[in-house]
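Inspection log for the structure reproduced underneath, given as structure tokens.
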Amino acid sequence: MGILEVKNVSKRFGGLKALDNVNLSIQENTVHAIIGPNGAGKSTLLNCFVGKLIPDTGSVMFDGHSLLGVTPYKINQLGVSRVFQTPEIFAELTVLENVMIPCFAHRDGSFRMHAFETVDAEVEIREKAEAMLADVNMLDKKNEHAASLSRGDKRRLEMAMCLAQDPKLLLLDEPTAGMARADTNNTIELLKDIKKKRDITMVIIEHDMHVVFSLAERITVLAQGTPLVEDVPEKIKGHPKVQEAYLGGH
Amino acid sequence: MQLFGLSKKDTLFLLIVIFLTLATPILLQPFAEGSGLAQFNAGYPDLMQRFAIYGIFAIGFNILFGLTGYLSFGHAAFLGVGSYSAVWMFKLLTMNIIPGIILAVIVSGLFALLIGWISLRRSGIYFSILTLAFAQMSYNLAYSVLTPLTNGETGLQIRLSDPRILDGASAAGSLPTTNLFGLAMNDSVKMEFFGRLFTFNVGYYFSAVMAIIVFYIALRIFRSPFGLMLRAVKTNQTRLNYTGVNTRPYTLAAFVISGMYAGLAGGLLAAMDPLAGAERMQWTASGEVVLMTILGGAGTMMGPVLGAGFIKYFENIFSKINDNVLHNWFGPLPDGLENFLVDLVHPFVGKGWHLTLGMLFVLVVMFLPGGLVEGGQRIAALFRRKRKPDGSGPKHQPKQAPHVAE
């Protein structure tokens with residue numbers, strides 16, 4: 001039994017069948033990559049994990065909870081964090097404030113009327129946020145405006161924000177999209193480091209094969225809304241079906 | 001020195017605000033009586049009360065708009081509801097303003113809970129339109145359908161025949177005045193020194209103390225984790241949702257708090273002058289508080305207060321400059337030039353004060369998006385740069401995060 005169990009999930013958008021009877025089991029503490037050509041349904045599948053989309057049929061179970069029809073903030077409180085294709089951060093706030101918010105959400109739950117406490121007095125929260133920033137080598141930028149960060153730093157910040165919640169499952173939607181090679185390699189190192197330091201399950205959706213083969217322990221190839229194969233990276237590389245559907249095009 | 005759980009800087013800031021508020025009757029009377037500039041003095045009770053009351057209104061509005069970015073176009077509804085509640089208290093219970101003001105805050109809070117609960121299902125322009133629609137509905141209800149409750153177009157007033165259970169007996173003969181345990185709101189102490197006449201009015205000081213209290217509460221909210229969440233709502237609601245935060249109760253709490261501020265302002269308006277009319281809820285009144293907040297600087301602590309003062313000053317002082325006054329000013333000039341100048345200035349003053357205000361608003365939004373507060377900060381930065389010309393100008397330093405309360 002995996003930490004994330006997807007059974008018979010289908011999703012149609014009008015006449016288009018985006019997901020067709022997807023079955024997937026993600027094992028705890030693994031890095032699982034989902035790859036596939038454009039339009040294969042990778043993002044649709046991910047959106048079904050976080051509550052953004054509700055599948056037409058089938059079930060999605062995370063850690064014993066059904067995720068169908070559950071709002072994003074509740075899914076997050078269960079322990080699922082998401083890194084977006086374009087980093088979603090609080091651009092108008094400082095880097096430190098950006099990380100303090102998930103720390104508050106982790107400690108206080110989805111709502112708390114803490115209007116008569118002061119942020120400055122929350123030493124524990126600030127120390128935790130600073131530790132998270134240190135983890136991604138951004139502590140020196142903690143007082144900067146998040147909007148002024150480089151693309152790579154925004155990605156690191158978003159990662160720190162997700163990790164501040166101690167998620168059980170981290171979903172990464174093309175974490176290196178639009179990045180220069182150096183930034184991509186930094187991100188790979190960062191993710192490897194995160195994996196080494198804590199018990200965490202990661203699901204990565206990625207186009208960049210370099211990223212996928214550096215990180216993934218298991219790979220699922222998706223094509224036209226259906227999983228073609230699932231196996232360890234070494235087997236995927238040489239798989240004829242994959243060559244034909246995906247790698248052949250490169 | 002740290003007071004009331006505020007940081008050193010904020011304590012100083014609060015003390016300055018308290019000083020300025022208490023000294024207002026003196027500070028707003030800079031010109032000698034009888035001098036040509038005396039009409040620019042603003043230190044008379046009626047206007048000072050309005051500075052404090054609309055300051056409260058704008059501070060509350062800023063908690064919603066400045067922090068969460070949700071632009072309500074119907075906040076005057078809460079102001080009006082507050083006024084009606086207070087006047088009803090004056091009619092039924094007592095002319096002491098305390099019960100009236102408490103009821104005003106409670107009723108407007110409940111009303112805000114209802115409207116906010118519905119309107120906050122949408123964001124952006126749709127939220128604004130919903131609040132506008134609710135406010136206009138309230139206005140029309142107050143104007144016609146709910147006449148038994150609001151006395152329609154005439155407005156709700158106190159009468160001799162009102163029951164006033166607690167102090168009805170003492171009110172025989174003439175209409176009673178609103179008071180605070182016997183201290184009449186319209187009582188003033190006048191003092192003359194340095195050739196200037198200073199009026200210390202009970203109503204103003206009561207409103208001023210309320211304004212200081214709610215300013216302090218707003219400051220605490222700005223500095224709290226709750227305030228941080230509200231600012232996070234403004235900058236990225238998607239991320240906040242995916243961070244495990246349910247944004248709806250946060251925005252609703254902000255909406256209700258700002259509605260209660262508006263209710264307090266409405267109750268105070270009625271306490272200063274015990275009548276309530278439907279026009280207090282009209283969309284122009286809702287628009288006014290938006291203007292105040294943006295003109296002063298949305299999201300800053302001082303901005304809304306400055307904006308409220310600015311607009312009320314214009315409304316009361318600029319509108320009094322008529323052609324006679326202008327002829328007086330330009331009198332020493334040759335006749336042709338005098339008439340030309342009077343004609344030139346005429347559209348911008350007197351009844352045309354809206355034109356001046358509108359132009360100012362356009363200029364502020366275009367060149368100072370942070371409002372008057374940003375203007376002040378830029379001037380301060382200019383001075384700072386002059387003092388140390390060693391290349392430590394802003395360009396060479398990391399950009400500082402904007403501080404929310406300056």
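By order in the structure tokens, chains are A, B, ...; within a chain, residues start at 1; ligands start at 1, following the order shown.
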Inset, instruction - Tell me, as a PyMOL selection string, which residues lie within 6 Å of segment 200-213 of chain A, counting only C-alpha atoms; anything in the same chain fewer than 5 positions away does not count. - result: chain A and resi 28-35+168-174
Can I get the residues of chain A within 8 Å of chain B, each with the closest pair of atoms and their distance in Å to one decimal, using only C-alpha atoms, sorted chain first then ascending number, as CSV?
```
residue,atom,partner,partner_atom,distance
A:Pro72,CA,B:Tyr242,CA,5.7
A:Tyr73,CA,B:Gly244,CA,3.9
A:Lys74,CA,B:Gly244,CA,6.1
A:Ile75,CA,B:Gly244,CA,7.4
A:Asn76,CA,B:Gly244,CA,4.8
A:Gln77,CA,B:Gly244,CA,5.1
A:Ser81,CA,B:Tyr242,CA,6.9
A:Arg82,CA,B:Tyr242,CA,7.0
A:Glu88,CA,B:Arg239,CA,5.8
A:Ile89,CA,B:Arg239,CA,6.4
A:Phe90,CA,B:Thr235,CA,5.5
A:Ala91,CA,B:Thr235,CA,6.3
A:Glu92,CA,B:Thr235,CA,6.0
A:Leu93,CA,B:Ala401,CA,7.3
A:Thr94,CA,B:Ala401,CA,6.3
A:Glu97,CA,B:Leu228,CA,7.9
A:Ile101,CA,B:Met229,CA,7.1
A:Pro102,CA,B:Thr243,CA,5.9
A:Phe104,CA,B:Pro225,CA,7.8
A:Ala105,CA,B:Val245,CA,6.1
A:His106,CA,B:Gly244,CA,7.6
A:Gly109,CA,B:Val245,CA,7.1
A:Ser110,CA,B:Val245,CA,4.2
A:Phe111,CA,B:Asn246,CA,6.1
A:Arg112,CA,B:Phe226,CA,7.6
A:Met113,CA,B:Phe226,CA,6.3
A:His114,CA,B:Phe226,CA,5.2
A:Ala115,CA,B:Phe226,CA,4.9
A:Phe116,CA,B:Arg220,CA,6.1
A:Glu117,CA,B:Ser224,CA,5.2
A:Thr118,CA,B:Ser224,CA,4.2
A:Val119,CA,B:Ser224,CA,5.2
A:Asp120,CA,B:Arg223,CA,7.9
A:Asn143,CA,B:Ala401,CA,7.1
A:Glu144,CA,B:Ala401,CA,6.3
A:His145,CA,B:Ala401,CA,5.3
A:Cys162,CA,B:Thr243,CA,7.6
```
Could you write out the selected residues, including C-alpha atoms, as a PDB file, in the first residue's frame?
```pdb
ATOM      1  CA  PRO A  72      -6.620  22.627  -1.305  1.00  0.00           C
ATOM      2  CA  TYR A  73      -5.996  24.011   2.193  1.00  0.00           C
ATOM      3  CA  LYS A  74      -7.340  20.854   3.848  1.00  0.00           C
ATOM      4  CA  ILE A  75      -5.243  18.623   1.604  1.00  0.00           C
ATOM      5  CA  ASN A  76      -2.235  20.717   2.536  1.00  0.00           C
ATOM      6  CA  GLN A  77      -3.020  20.331   6.227  1.00  0.00           C
ATOM      7  CA  SER A  81       2.769  20.510  -0.320  1.00  0.00           C
ATOM      8  CA  ARG A  82       3.105  21.702  -3.851  1.00  0.00           C
ATOM      9  CA  GLU A  88       4.144  30.946  -6.187  1.00  0.00           C
ATOM     10  CA  ILE A  89       5.472  33.127  -3.400  1.00  0.00           C
ATOM     11  CA  PHE A  90       4.268  36.197  -1.485  1.00  0.00           C
ATOM     12  CA  ALA A  91       6.010  38.714  -3.695  1.00  0.00           C
ATOM     13  CA  GLU A  92       5.194  41.794  -1.637  1.00  0.00           C
ATOM     14  CA  LEU A  93       6.502  40.349   1.618  1.00  0.00           C
ATOM     15  CA  THR A  94      10.054  39.800   2.799  1.00  0.00           C
ATOM     16  CA  GLU A  97       7.863  36.578   6.225  1.00  0.00           C
ATOM     17  CA  ILE A 101       3.554  32.082   7.035  1.00  0.00           C
ATOM     18  CA  PRO A 102       3.751  28.311   6.415  1.00  0.00           C
ATOM     19  CA  PHE A 104       2.241  29.651  11.352  1.00  0.00           C
ATOM     20  CA  ALA A 105      -0.080  27.534   9.220  1.00  0.00           C
ATOM     21  CA  HIS A 106       1.721  24.392  10.373  1.00  0.00           C
ATOM     22  CA  GLY A 109      -3.936  25.151  11.555  1.00  0.00           C
ATOM     23  CA  SER A 110      -6.042  26.631   8.795  1.00  0.00           C
ATOM     24  CA  PHE A 111      -7.369  29.568  10.838  1.00  0.00           C
ATOM     25  CA  ARG A 112      -6.558  31.244  14.089  1.00  0.00           C
ATOM     26  CA  MET A 113      -7.582  34.690  15.269  1.00  0.00           C
ATOM     27  CA  HIS A 114      -4.139  35.689  16.521  1.00  0.00           C
ATOM     28  CA  ALA A 115      -4.802  39.414  16.161  1.00  0.00           C
ATOM     29  CA  PHE A 116      -3.418  40.474  19.527  1.00  0.00           C
ATOM     30  CA  GLU A 117      -0.101  38.684  19.398  1.00  0.00           C
ATOM     31  CA  THR A 118       2.878  40.201  17.643  1.00  0.00           C
ATOM     32  CA  VAL A 119       4.904  38.608  14.883  1.00  0.00           C
ATOM     33  CA  ASP A 120       8.093  39.916  16.502  1.00  0.00           C
ATOM     34  CA  ASN A 143      15.164  40.743   4.753  1.00  0.00           C
ATOM     35  CA  GLU A 144      14.914  41.155   1.016  1.00  0.00           C
ATOM     36  CA  HIS A 145      11.696  41.713  -0.805  1.00  0.00           C
ATOM     37  CA  CYS A 162       6.940  23.936   1.470  1.00  0.00           C
TER      38      CYS A 162
END
```
Inset, instruction - Would you please extract all alpha helix (DSSP H) residues from segment 3-193 of chain A, as assigned by DSSP on the backbone, and give them as a PyMOL selection string? - result: chain A and resi 42-50+72-78+95-108+123-135+151-163+181-193
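Using only C-alpha atoms, the protein and nucleic acid residues lying no more than 7 Å from Gln282 of chain B, apart from those fewer than 6 places from it along its own chain, are Ala76, Gln136 and Tyr139 of chain B.
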Inset, instruction - Measuring atom to atom with only C-alpha atoms, identify which of A:Ala164, A:Val232, A:Ala180, A:Val9 is nearest to Asp135 of chain A. - result: A:Ala164
Legend entry - Filtered DSSP result for segment 22-259 of chain B, state strand (DSSP E), as a ChimeraX atom specification: /B:156-157,179-180,183-184,188-193,196-201
Only C-alpha atoms, please: the residues just picked out, written as a JSON list (two decimals), in the first residue's frame.
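Generated output (again-v9.json):
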```json
[["chain", "number", "residue", "atom", "x", "y", "z"],
["B", 156, "LEU", "CA", -34.22, 59.75, 12.29],
["B", 157, "GLN", "CA", -34.26, 62.44, 14.96],
["B", 179, "ASN", "CA", -23.74, 63.50, 26.88],
["B", 180, "LEU", "CA", -21.20, 61.31, 28.55],
["B", 183, "LEU", "CA", -20.82, 65.93, 30.20],
["B", 184, "ALA", "CA", -22.54, 67.44, 27.15],
["B", 188, "SER", "CA", -16.59, 73.70, 24.76],
["B", 189, "VAL", "CA", -13.98, 75.63, 26.64],
["B", 190, "LYS", "CA", -12.70, 78.61, 24.71],
["B", 191, "MET", "CA", -9.33, 80.12, 25.43],
["B", 192, "GLU", "CA", -7.57, 83.00, 23.82],
["B", 193, "PHE", "CA", -3.84, 83.41, 23.74],
["B", 196, "ARG", "CA", -5.72, 83.06, 18.59],
["B", 197, "LEU", "CA", -8.94, 81.56, 19.81],
["B", 198, "PHE", "CA", -8.69, 77.90, 20.79],
["B", 199, "THR", "CA", -11.79, 75.76, 21.31],
["B", 200, "PHE", "CA", -11.50, 72.64, 23.43],
["B", 201, "ASN", "CA", -14.65, 70.67, 22.76]]
```
Inset, instruction - Find the residues near segment 125-127 of chain A: any atom within 8 Å, counting only C-alpha atoms, skip ones fewer than 3 places away on the same chain, and give them as an NGL selection string. - result: :A and (96 or 100 or 103-104 or 122 or 130-131)
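Closest approach to Glu158 of chain A from the set A:Pro87, A:Met179, A:Ala129, A:Lys192 is made by A:Pro87, with distances taken over only C-alpha atoms.
Counting only C-alpha atoms and comparing B:Leu28, B:Gly100, B:Asn324, B:Lys8, the residue that lies closest to Gly82 of chain B is B:Gly100.
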Legend entry - For Val81 of chain B: contacts at 12 Å, only C-alpha atoms, fewer than 3 positions along chain excluded, given as a PyMOL selection string: chain B and resi 74-78+84-88+100-101+103-112+135+138-139+141-142+149-150+156+259-270+276-282
